[in-house]
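Content type mmCIF, C-alpha atoms, from the file my_file.cif:
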```cif
data_data
loop_
_atom_site.label_atom_id
_atom_site.label_comp_id
_atom_site.auth_asym_id
_atom_site.auth_seq_id
_atom_site.Cartn_x
_atom_site.Cartn_y
_atom_site.Cartn_z
CA MET T 217 184.11 31.50 -81.13
CA TYR T 218 187.44 30.03 -82.25
CA ASP T 219 187.95 29.62 -85.98
CA ALA T 220 191.30 28.12 -87.04
CA ALA T 221 190.83 29.49 -90.55
CA ASP T 222 190.56 33.06 -89.22
CA THR T 223 194.26 33.94 -89.34
CA ALA T 224 193.60 37.68 -89.48
CA ASN T 225 192.38 37.57 -85.87
CA ALA T 226 194.73 34.87 -84.59
CA LEU T 227 196.66 35.45 -81.37
CA THR T 228 200.34 36.24 -81.68
CA PRO T 229 203.12 36.00 -79.08
CA ALA T 230 202.93 39.78 -78.73
CA ASP T 231 199.25 39.50 -77.76
CA LEU T 232 200.19 37.22 -74.88
CA ARG T 233 203.37 38.98 -73.73
CA GLU T 234 201.76 40.52 -70.65
CA LEU T 235 199.78 37.42 -69.64
CA PRO T 236 202.38 35.98 -67.21
CA GLY T 237 202.66 39.27 -65.34
CA TRP T 238 198.90 39.63 -65.16
CA LEU T 239 198.52 36.06 -63.93
CA ALA T 240 201.19 36.54 -61.25
CA GLU T 241 199.42 39.68 -60.06
CA ALA T 242 195.93 38.18 -60.16
CA TYR T 243 196.85 34.83 -58.60
CA PRO T 244 200.18 35.21 -56.73
CA GLN T 245 199.72 31.92 -54.84
CA LEU T 246 199.97 30.03 -58.13
CA LEU T 247 203.53 31.21 -58.76
CA ALA T 248 204.68 31.55 -55.14
CA HIS T 249 204.90 27.80 -54.62
CA PRO T 250 208.28 26.82 -53.06
CA ARG T 251 208.76 24.12 -55.73
CA LEU T 252 207.40 26.10 -58.68
CA THR T 253 209.55 24.33 -61.29
CA ALA T 254 208.30 20.89 -60.22
CA ARG T 255 204.73 22.18 -60.10
CA LEU T 256 204.95 23.56 -63.64
CA GLU T 257 206.43 20.30 -64.89
CA VAL T 258 203.48 18.37 -63.41
CA TYR T 259 201.01 20.78 -65.05
CA GLU T 260 202.83 20.39 -68.37
CA ALA T 261 202.84 16.58 -68.13
CA LEU T 262 199.13 16.51 -67.31
CA TRP T 263 198.35 18.81 -70.25
CA GLN T 264 200.37 16.67 -72.64
CA LEU T 265 198.68 13.49 -71.38
CA VAL T 266 195.28 15.04 -72.13
CA GLN T 267 196.53 15.98 -75.61
CA VAL T 268 197.46 12.33 -76.28
CA PHE T 269 193.73 11.70 -76.76
CA HIS T 270 193.49 14.41 -79.44
CA PHE T 271 196.75 14.09 -81.38
CA GLY T 272 198.54 10.88 -82.37
CA ARG T 273 202.24 10.15 -82.51
CA GLY T 274 204.12 12.14 -85.12
CA SER T 275 201.24 14.58 -85.54
CA GLY T 276 203.53 17.52 -86.25
CA VAL T 277 203.66 20.55 -84.00
CA HIS T 278 200.98 19.16 -81.69
CA ASP T 279 202.74 15.87 -81.02
CA PRO T 280 202.16 15.33 -77.28
CA TRP T 281 204.32 12.19 -77.29
CA ALA T 282 207.34 14.25 -78.36
CA HIS T 283 206.59 16.91 -75.74
CA LEU T 284 206.31 14.25 -73.04
CA ARG T 285 209.62 12.71 -74.14
CA VAL T 286 211.37 16.10 -73.84
CA LEU T 287 209.82 16.63 -70.41
CA LEU T 288 210.85 13.19 -69.20
CA ASP T 289 214.38 13.43 -70.63
CA SER T 290 215.01 16.87 -69.16
CA THR T 291 216.14 17.35 -65.59
CA ASN T 292 214.64 20.85 -65.44
CA SER T 293 212.74 21.88 -68.56
CA TRP T 294 211.00 24.87 -66.98
CA ALA T 295 214.22 26.43 -65.70
CA ARG T 296 215.15 27.14 -69.32
CA LEU T 297 212.31 29.68 -69.43
CA GLY T 298 213.67 31.77 -66.58
#
```
Render the structure in this file as structure tokens.
Amino acid sequence: MYDAADTANALTPADLRELPGWLAEAYPQLLAHPRLTARLEVYEALWQLVQVFHFGRGSGVHDPWAHLRVLLDSTNSWARLG
């Protein structure tokens, strides 16, 4: 069960470092899409739209409005990750 107050057992970036490789190996079709960047941008936009219902404007780190603005203003936000 998730407990936000339990920082001793919180995930860190190091805990998730191997996740992309595992996902690519377990589900290669997900990342083999010919327009992967566009696909990831759609997934990101959908996720942020769902978050709009949970977090309001200016809600700090979890501000989905700000994330959507960056996604809409960028011509290729996912390419920066590669």
Contacts of segment 265-273 of chain T at 12 Å (all atoms listed in the file; same-chain gap of 4+ positions) as a ChimeraX atom specification: /T:258-261,277-285,287
Pairwise distance, atom CA of Leu288 of chain T with atom CA of Ser275 of chain T, equals 19.0 Å
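Residues in contact with Gly237 of chain T at up to 12 Å, not including ones fewer than 6 positions away on its chain and judged by all atoms listed in the file, are T:Tyr243, T:Pro244, T:Leu247.
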For segment 232-235 of chain T, what centre and edge lengths in Å (one decimal) does the axis-aligned box get once 3 Å is added on each side of all its listed atoms, as AutoDock Vina command-line options?
```
--center_x 201.6 --center_y 38.9 --center_z -72.3 --size_x 9.6 --size_y 9.3 --size_z 11.2
```
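Atom CA of Gln264 of chain T sits 11.1 Å away from atom CA of Val286 of chain T.
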Quick one: pull the distance between atom CA of Thr223 of chain T and atom CA of Leu262 of chain T, Å, one decimal. 28.5 Å
Could you write out as a PDB file with C-alpha atoms, in the coordinates of the input the residues that the PyMOL selection byres ((chain T and resi 254) around 12) matches in the shown file?
```pdb
ATOM      1  CA  LEU T 247     203.530  31.210 -58.760  1.00  0.00           C
ATOM      2  CA  HIS T 249     204.900  27.800 -54.620  1.00  0.00           C
ATOM      3  CA  PRO T 250     208.280  26.820 -53.060  1.00  0.00           C
ATOM      4  CA  ARG T 251     208.760  24.120 -55.730  1.00  0.00           C
ATOM      5  CA  LEU T 252     207.400  26.100 -58.680  1.00  0.00           C
ATOM      6  CA  THR T 253     209.550  24.330 -61.290  1.00  0.00           C
ATOM      7  CA  ARG T 255     204.730  22.180 -60.100  1.00  0.00           C
ATOM      8  CA  LEU T 256     204.950  23.560 -63.640  1.00  0.00           C
ATOM      9  CA  GLU T 257     206.430  20.300 -64.890  1.00  0.00           C
ATOM     10  CA  VAL T 258     203.480  18.370 -63.410  1.00  0.00           C
ATOM     11  CA  TYR T 259     201.010  20.780 -65.050  1.00  0.00           C
ATOM     12  CA  GLU T 260     202.830  20.390 -68.370  1.00  0.00           C
ATOM     13  CA  ALA T 261     202.840  16.580 -68.130  1.00  0.00           C
ATOM     14  CA  LEU T 287     209.820  16.630 -70.410  1.00  0.00           C
ATOM     15  CA  SER T 290     215.010  16.870 -69.160  1.00  0.00           C
ATOM     16  CA  THR T 291     216.140  17.350 -65.590  1.00  0.00           C
ATOM     17  CA  ASN T 292     214.640  20.850 -65.440  1.00  0.00           C
ATOM     18  CA  SER T 293     212.740  21.880 -68.560  1.00  0.00           C
ATOM     19  CA  TRP T 294     211.000  24.870 -66.980  1.00  0.00           C
ATOM     20  CA  ALA T 295     214.220  26.430 -65.700  1.00  0.00           C
TER      21      ALA T 295
END
```
Reconstructed segment 226-256 of chain T, atom set N, CA and C atoms, as a tab-separated table (two decimals), in the frame of the given file:
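And here's out35.tsv as it stands now:
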```
chain	number	residue	atom	x	y	z
T	226	ALA	N	194.04	35.86	-85.42
T	226	ALA	CA	194.73	34.87	-84.59
T	226	ALA	C	195.63	35.57	-83.56
T	227	LEU	N	195.77	34.93	-82.41
T	227	LEU	CA	196.66	35.45	-81.37
T	227	LEU	C	198.11	35.32	-81.82
T	228	THR	N	198.90	36.27	-81.41
T	228	THR	CA	200.34	36.24	-81.68
T	228	THR	C	201.07	36.25	-80.34
T	229	PRO	N	202.36	35.91	-80.33
T	229	PRO	CA	203.12	36.00	-79.08
T	229	PRO	C	203.05	37.39	-78.44
T	230	ALA	N	203.01	38.42	-79.26
T	230	ALA	CA	202.93	39.78	-78.73
T	230	ALA	C	201.62	40.01	-77.97
T	231	ASP	N	200.54	39.37	-78.44
T	231	ASP	CA	199.25	39.50	-77.76
T	231	ASP	C	199.29	38.92	-76.35
T	232	LEU	N	200.14	37.93	-76.15
T	232	LEU	CA	200.19	37.22	-74.88
T	232	LEU	C	201.37	37.62	-74.00
T	233	ARG	N	202.14	38.59	-74.44
T	233	ARG	CA	203.37	38.98	-73.73
T	233	ARG	C	203.12	39.37	-72.28
T	234	GLU	N	202.02	40.04	-72.01
T	234	GLU	CA	201.76	40.52	-70.65
T	234	GLU	C	200.97	39.54	-69.81
T	235	LEU	N	200.58	38.41	-70.37
T	235	LEU	CA	199.78	37.42	-69.64
T	235	LEU	C	200.47	36.89	-68.39
T	236	PRO	N	201.75	36.48	-68.44
T	236	PRO	CA	202.38	35.98	-67.21
T	236	PRO	C	202.39	36.99	-66.06
T	237	GLY	N	202.67	38.23	-66.38
T	237	GLY	CA	202.66	39.27	-65.34
T	237	GLY	C	201.28	39.48	-64.75
T	238	TRP	N	200.28	39.50	-65.62
T	238	TRP	CA	198.90	39.63	-65.16
T	238	TRP	C	198.51	38.46	-64.28
T	239	LEU	N	198.86	37.25	-64.70
T	239	LEU	CA	198.52	36.06	-63.93
T	239	LEU	C	199.20	36.09	-62.56
T	240	ALA	N	200.46	36.47	-62.52
T	240	ALA	CA	201.19	36.54	-61.25
T	240	ALA	C	200.56	37.56	-60.31
T	241	GLU	N	200.06	38.65	-60.88
T	241	GLU	CA	199.42	39.68	-60.06
T	241	GLU	C	198.03	39.24	-59.60
T	242	ALA	N	197.29	38.59	-60.48
T	242	ALA	CA	195.93	38.18	-60.16
T	242	ALA	C	195.87	36.95	-59.26
T	243	TYR	N	196.86	36.09	-59.36
T	243	TYR	CA	196.85	34.83	-58.60
T	243	TYR	C	198.27	34.54	-58.11
T	244	PRO	N	198.78	35.35	-57.17
T	244	PRO	CA	200.18	35.21	-56.73
T	244	PRO	C	200.48	33.85	-56.09
T	245	GLN	N	199.49	33.22	-55.47
T	245	GLN	CA	199.72	31.92	-54.84
T	245	GLN	C	200.13	30.86	-55.87
T	246	LEU	N	199.65	31.00	-57.09
T	246	LEU	CA	199.97	30.03	-58.13
T	246	LEU	C	201.47	29.97	-58.40
T	247	LEU	N	202.12	31.14	-58.42
T	247	LEU	CA	203.53	31.21	-58.76
T	247	LEU	C	204.45	31.34	-57.55
T	248	ALA	N	203.87	31.40	-56.35
T	248	ALA	CA	204.68	31.55	-55.14
T	248	ALA	C	204.99	30.20	-54.49
T	249	HIS	N	204.66	29.14	-55.16
T	249	HIS	CA	204.90	27.80	-54.62
T	249	HIS	C	206.40	27.59	-54.43
T	250	PRO	N	206.84	26.99	-53.30
T	250	PRO	CA	208.28	26.82	-53.06
T	250	PRO	C	208.95	25.87	-54.07
T	251	ARG	N	208.19	25.01	-54.71
T	251	ARG	CA	208.76	24.12	-55.73
T	251	ARG	C	208.07	24.40	-57.06
T	252	LEU	N	208.11	25.66	-57.48
T	252	LEU	CA	207.40	26.10	-58.68
T	252	LEU	C	207.81	25.31	-59.92
T	253	THR	N	209.09	25.05	-60.10
T	253	THR	CA	209.55	24.33	-61.29
T	253	THR	C	208.91	22.94	-61.35
T	254	ALA	N	208.92	22.23	-60.24
T	254	ALA	CA	208.30	20.89	-60.22
T	254	ALA	C	206.80	20.99	-60.47
T	255	ARG	N	206.17	22.00	-59.91
T	255	ARG	CA	204.73	22.18	-60.10
T	255	ARG	C	204.41	22.43	-61.57
T	256	LEU	N	205.18	23.28	-62.23
T	256	LEU	CA	204.95	23.56	-63.64
T	256	LEU	C	205.19	22.32	-64.51
```
